[in-house]
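Working notes, beginning with the structure itself.
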Amino acid sequence: MSDDVFALMDEWGPEKVVCVSDRRTGMRGVLVLDNTARGMGKGGTRMSPGVTVGQIARLARTMTWKWAAVDLFHGGAKAGIVADPTAPNKEEILRAFARALAGEVPKEYVFGLDMGLTENDAAILLDELGDRGAAVGLPAALGGFPYDQLGVTGYGVAEAADAAAAELGLELRGARVAVQGLGAVGRAAVRRLSELGAVVVAASTVAGCAYDPDGLDVDRLLALSAELGDDCVREYGPPAPAERALSAETDILVPAAREDVIDVDVAGSTTARLVVEGANLPATPAAREILHKRGVAVVPDFIANAGGIVAAAHSMDARYSPFQVEPGDVFSMISSKLRANAVAVLRESRRAEVTPHEAAYALAQSRVREAMVLRRRVPEHV
């Protein structure tokens, strides 16, 4: 974690960066509060050996725009732990991380789920701080709304894809879809896309890619995924290389795993007419420009994958309530907000002759700027 923290700061944030460590467990972690003009910081908590301050700051900034774009009142934040999520002392690391941030949680930040953490991990974080308000994404048995288990983010990605495809005159029913990543987001996206009639031709994990130009057996693949995790593609059949999901002949491409997987080569060669960003920051800036010049429509990450924060908003509101969140209310709001936003961004992109990301940023930034002015955080004329 050698990033220059001062170099991360610009007109929007971050407002606060907290780096913590624990010598006994070897825990190292960071919390980034990016911009809280519209409300307290909220974003997921990631555990990975590759976590850096810069990475978490980028993701926190994405959360700032995501909350504003979906017009819900929280600010951007993110936390990260430098550790292997399969480590045998994972619980000790989580508890050390929670203790180290007891001054910020839950007053300034609330733990959530991101790569490497599960609902059970959220329960550990809550238990360590002894406060029901310390985490969201909890198991239902603790009164939480397990949105990864229910697949709300992937559901929203599919809903955004359906709306965006219709805007482009592309019928989703029968359209070929390739999904890169079969984590919580990818699995739920595959399930919902299949329900909407799409033909899923490729789905990948780090172990390889399940590929069939005539369409995968989605029910079988998802059952294998639930049982075997990333190795599901090996059991499904002889896997293609993992990169096949990004190069498959397809109408719609859904990157749903890591950052920067769509580079200039992928952007220049994909057959997709539509890219729906299920992951955070899956395309490089240069790749976005190439996609735009080629006429490939893109639903930006903080528009397409905002289903998780709609669920998080409901969960934040219910942290101290004796009543559980009603799933129907969450799914209904996800569908209506994400469909409307996907269409609005694509239309504004065409009208203003800018990339969809630029159109989406303009929408989110105008809302954040207005809040900053009203709270006297910047001069009114800026």
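We name chains A, B, ... following the order of the structure tokens; residues begin at 1 in each chain, and ligands are numbered from 1 as shown.
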Next item on the list: Name the residues in contact with Asp219 of chain A at a cut-off of 12 Å, using only C-alpha atoms, excluding same-chain residues fewer than 5 positions from it; report them as a PyMOL selection string.
Entry: chain A and resi 187-188+190-192+194-195+200+224-226+236
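For segment 201-249 of chain A, backbone-based DSSP labels the following residues as strand (DSSP E or B): A:Val201, A:Ala202, A:Ala203, A:Ser204, A:Thr205, A:Gly208, A:Cys209, A:Ala210, A:Tyr211, A:Ala240.
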Margin query: Considering only C-alpha atoms, can you say which of A:Ala202, A:Leu33, A:Met115, A:Val177 comes closest to Val53 of chain A?
Written below: A:Leu33
Next item on the list: From the DSSP assignment of the backbone, select every residue of segment 44-208 of chain A that is helix (DSSP H, G or I), and format the answer as a ChimeraX atom specification.
Entry: /A:53-69,90-100,119-129,132-134,140-142,147-150,152-168,184-195
Filtering to C-alpha atoms, could you give me those residues as an mmCIF file, in the first residue's frame?
data_model
loop_
_atom_site.group_PDB
_atom_site.id
_atom_site.type_symbol
_atom_site.label_atom_id
_atom_site.label_comp_id
_atom_site.auth_asym_id
_atom_site.auth_seq_id
_atom_site.Cartn_x
_atom_site.Cartn_y
_atom_site.Cartn_z
ATOM 1 C CA VAL A 53 -5.096 2.374 -1.244
ATOM 2 C CA GLY A 54 -5.394 3.605 -4.814
ATOM 3 C CA GLN A 55 -7.724 0.772 -5.800
ATOM 4 C CA ILE A 56 -10.018 1.373 -2.840
ATOM 5 C CA ALA A 57 -10.021 5.115 -3.553
ATOM 6 C CA ARG A 58 -11.109 4.442 -7.155
ATOM 7 C CA LEU A 59 -13.910 2.206 -5.941
ATOM 8 C CA ALA A 60 -14.979 4.757 -3.317
ATOM 9 C CA ARG A 61 -15.242 7.381 -6.053
ATOM 10 C CA THR A 62 -17.370 5.005 -8.094
ATOM 11 C CA MET A 63 -19.674 4.708 -5.088
ATOM 12 C CA THR A 64 -20.001 8.504 -4.932
ATOM 13 C CA TRP A 65 -21.286 8.543 -8.503
ATOM 14 C CA LYS A 66 -23.370 5.399 -8.045
ATOM 15 C CA TRP A 67 -25.340 6.759 -5.079
ATOM 16 C CA ALA A 68 -25.906 10.065 -6.874
ATOM 17 C CA ALA A 69 -26.880 8.481 -10.199
ATOM 18 C CA LYS A 90 -9.816 -14.911 8.155
ATOM 19 C CA GLU A 91 -12.073 -14.378 11.169
ATOM 20 C CA GLU A 92 -9.189 -13.056 13.265
ATOM 21 C CA ILE A 93 -8.276 -10.624 10.490
ATOM 22 C CA LEU A 94 -11.870 -9.439 10.154
ATOM 23 C CA ARG A 95 -12.192 -8.890 13.889
ATOM 24 C CA ALA A 96 -8.908 -6.968 13.995
ATOM 25 C CA PHE A 97 -10.082 -4.796 11.087
ATOM 26 C CA ALA A 98 -13.398 -4.048 12.805
ATOM 27 C CA ARG A 99 -11.678 -3.117 16.068
ATOM 28 C CA ALA A 100 -9.257 -0.823 14.270
ATOM 29 C CA GLU A 119 -22.947 -12.712 4.684
ATOM 30 C CA ASN A 120 -21.290 -14.740 7.446
ATOM 31 C CA ASP A 121 -18.322 -12.359 7.397
ATOM 32 C CA ALA A 122 -20.699 -9.428 7.846
ATOM 33 C CA ALA A 123 -22.041 -11.218 10.922
ATOM 34 C CA ILE A 124 -18.505 -11.453 12.332
ATOM 35 C CA LEU A 125 -17.912 -7.734 11.818
ATOM 36 C CA LEU A 126 -21.210 -6.920 13.536
ATOM 37 C CA ASP A 127 -20.417 -9.252 16.425
ATOM 38 C CA GLU A 128 -16.980 -7.754 16.991
ATOM 39 C CA LEU A 129 -18.377 -4.240 17.379
ATOM 40 C CA ARG A 132 -26.522 -3.972 14.761
ATOM 41 C CA GLY A 133 -25.756 -0.852 12.785
ATOM 42 C CA ALA A 134 -22.164 -1.849 12.016
ATOM 43 C CA ALA A 140 -31.560 -13.283 7.315
ATOM 44 C CA ALA A 141 -31.264 -15.018 10.696
ATOM 45 C CA LEU A 142 -29.747 -11.785 12.044
ATOM 46 C CA TYR A 147 -28.562 -9.302 -1.162
ATOM 47 C CA ASP A 148 -25.658 -11.317 -2.523
ATOM 48 C CA GLN A 149 -27.528 -14.517 -1.735
ATOM 49 C CA LEU A 150 -30.647 -13.137 -3.426
ATOM 50 C CA VAL A 152 -29.969 -8.315 -6.446
ATOM 51 C CA THR A 153 -26.961 -6.777 -8.212
ATOM 52 C CA GLY A 154 -26.940 -9.309 -11.019
ATOM 53 C CA TYR A 155 -30.710 -9.027 -11.320
ATOM 54 C CA GLY A 156 -30.311 -5.297 -11.836
ATOM 55 C CA VAL A 157 -27.574 -5.818 -14.445
ATOM 56 C CA ALA A 158 -29.963 -8.002 -16.439
ATOM 57 C CA GLU A 159 -32.817 -5.516 -16.084
ATOM 58 C CA ALA A 160 -30.538 -2.709 -17.314
ATOM 59 C CA ALA A 161 -29.415 -4.917 -20.218
ATOM 60 C CA ASP A 162 -33.014 -5.592 -21.215
ATOM 61 C CA ALA A 163 -33.953 -1.906 -21.153
ATOM 62 C CA ALA A 164 -30.790 -0.846 -22.990
ATOM 63 C CA ALA A 165 -31.232 -3.521 -25.649
ATOM 64 C CA ALA A 166 -34.802 -2.351 -26.282
ATOM 65 C CA GLU A 167 -33.545 1.230 -26.614
ATOM 66 C CA LEU A 168 -31.119 0.031 -29.305
ATOM 67 C CA ALA A 184 -22.571 -13.421 -7.041
ATOM 68 C CA VAL A 185 -23.187 -10.798 -9.732
ATOM 69 C CA GLY A 186 -22.495 -12.995 -12.739
ATOM 70 C CA ARG A 187 -24.591 -15.908 -11.507
ATOM 71 C CA ALA A 188 -27.616 -13.751 -10.827
ATOM 72 C CA ALA A 189 -27.205 -11.931 -14.148
ATOM 73 C CA VAL A 190 -27.041 -15.234 -16.028
ATOM 74 C CA ARG A 191 -30.155 -16.471 -14.256
ATOM 75 C CA ARG A 192 -32.214 -13.343 -14.959
ATOM 76 C CA LEU A 193 -30.973 -12.945 -18.537
ATOM 77 C CA SER A 194 -32.000 -16.524 -19.222
ATOM 78 C CA GLU A 195 -35.425 -15.873 -17.680
#
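Atom to atom, atom CA of Ala313 of chain A and atom CA of Arg375 of chain A stand 22.0 Å apart.
In terms of minimum interatomic distance to Asp212 of chain A, A:Ala248 ranks closest within A:Glu243, A:Glu171, A:Ala248, A:Leu196, counting only C-alpha atoms.
With only C-alpha atoms as the atoms that count, the minimum distance from Leu72 of chain A to the choices A:Ala87, A:Ala257, A:Gly307, A:Met27 is reached by A:Gly307.
A straight line drawn from atom CA of Ala360 of chain A to atom CA of Val201 of chain A is 29.1 Å long.
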Next item on the list: Within 10 Å of Leu281 of chain A, counting only C-alpha atoms, which residues show up once you throw out same-chain ones fewer than 6 positions away? Write them as a PyMOL selection string, please.
Entry: chain A and resi 58-59+62+255-262+300-302
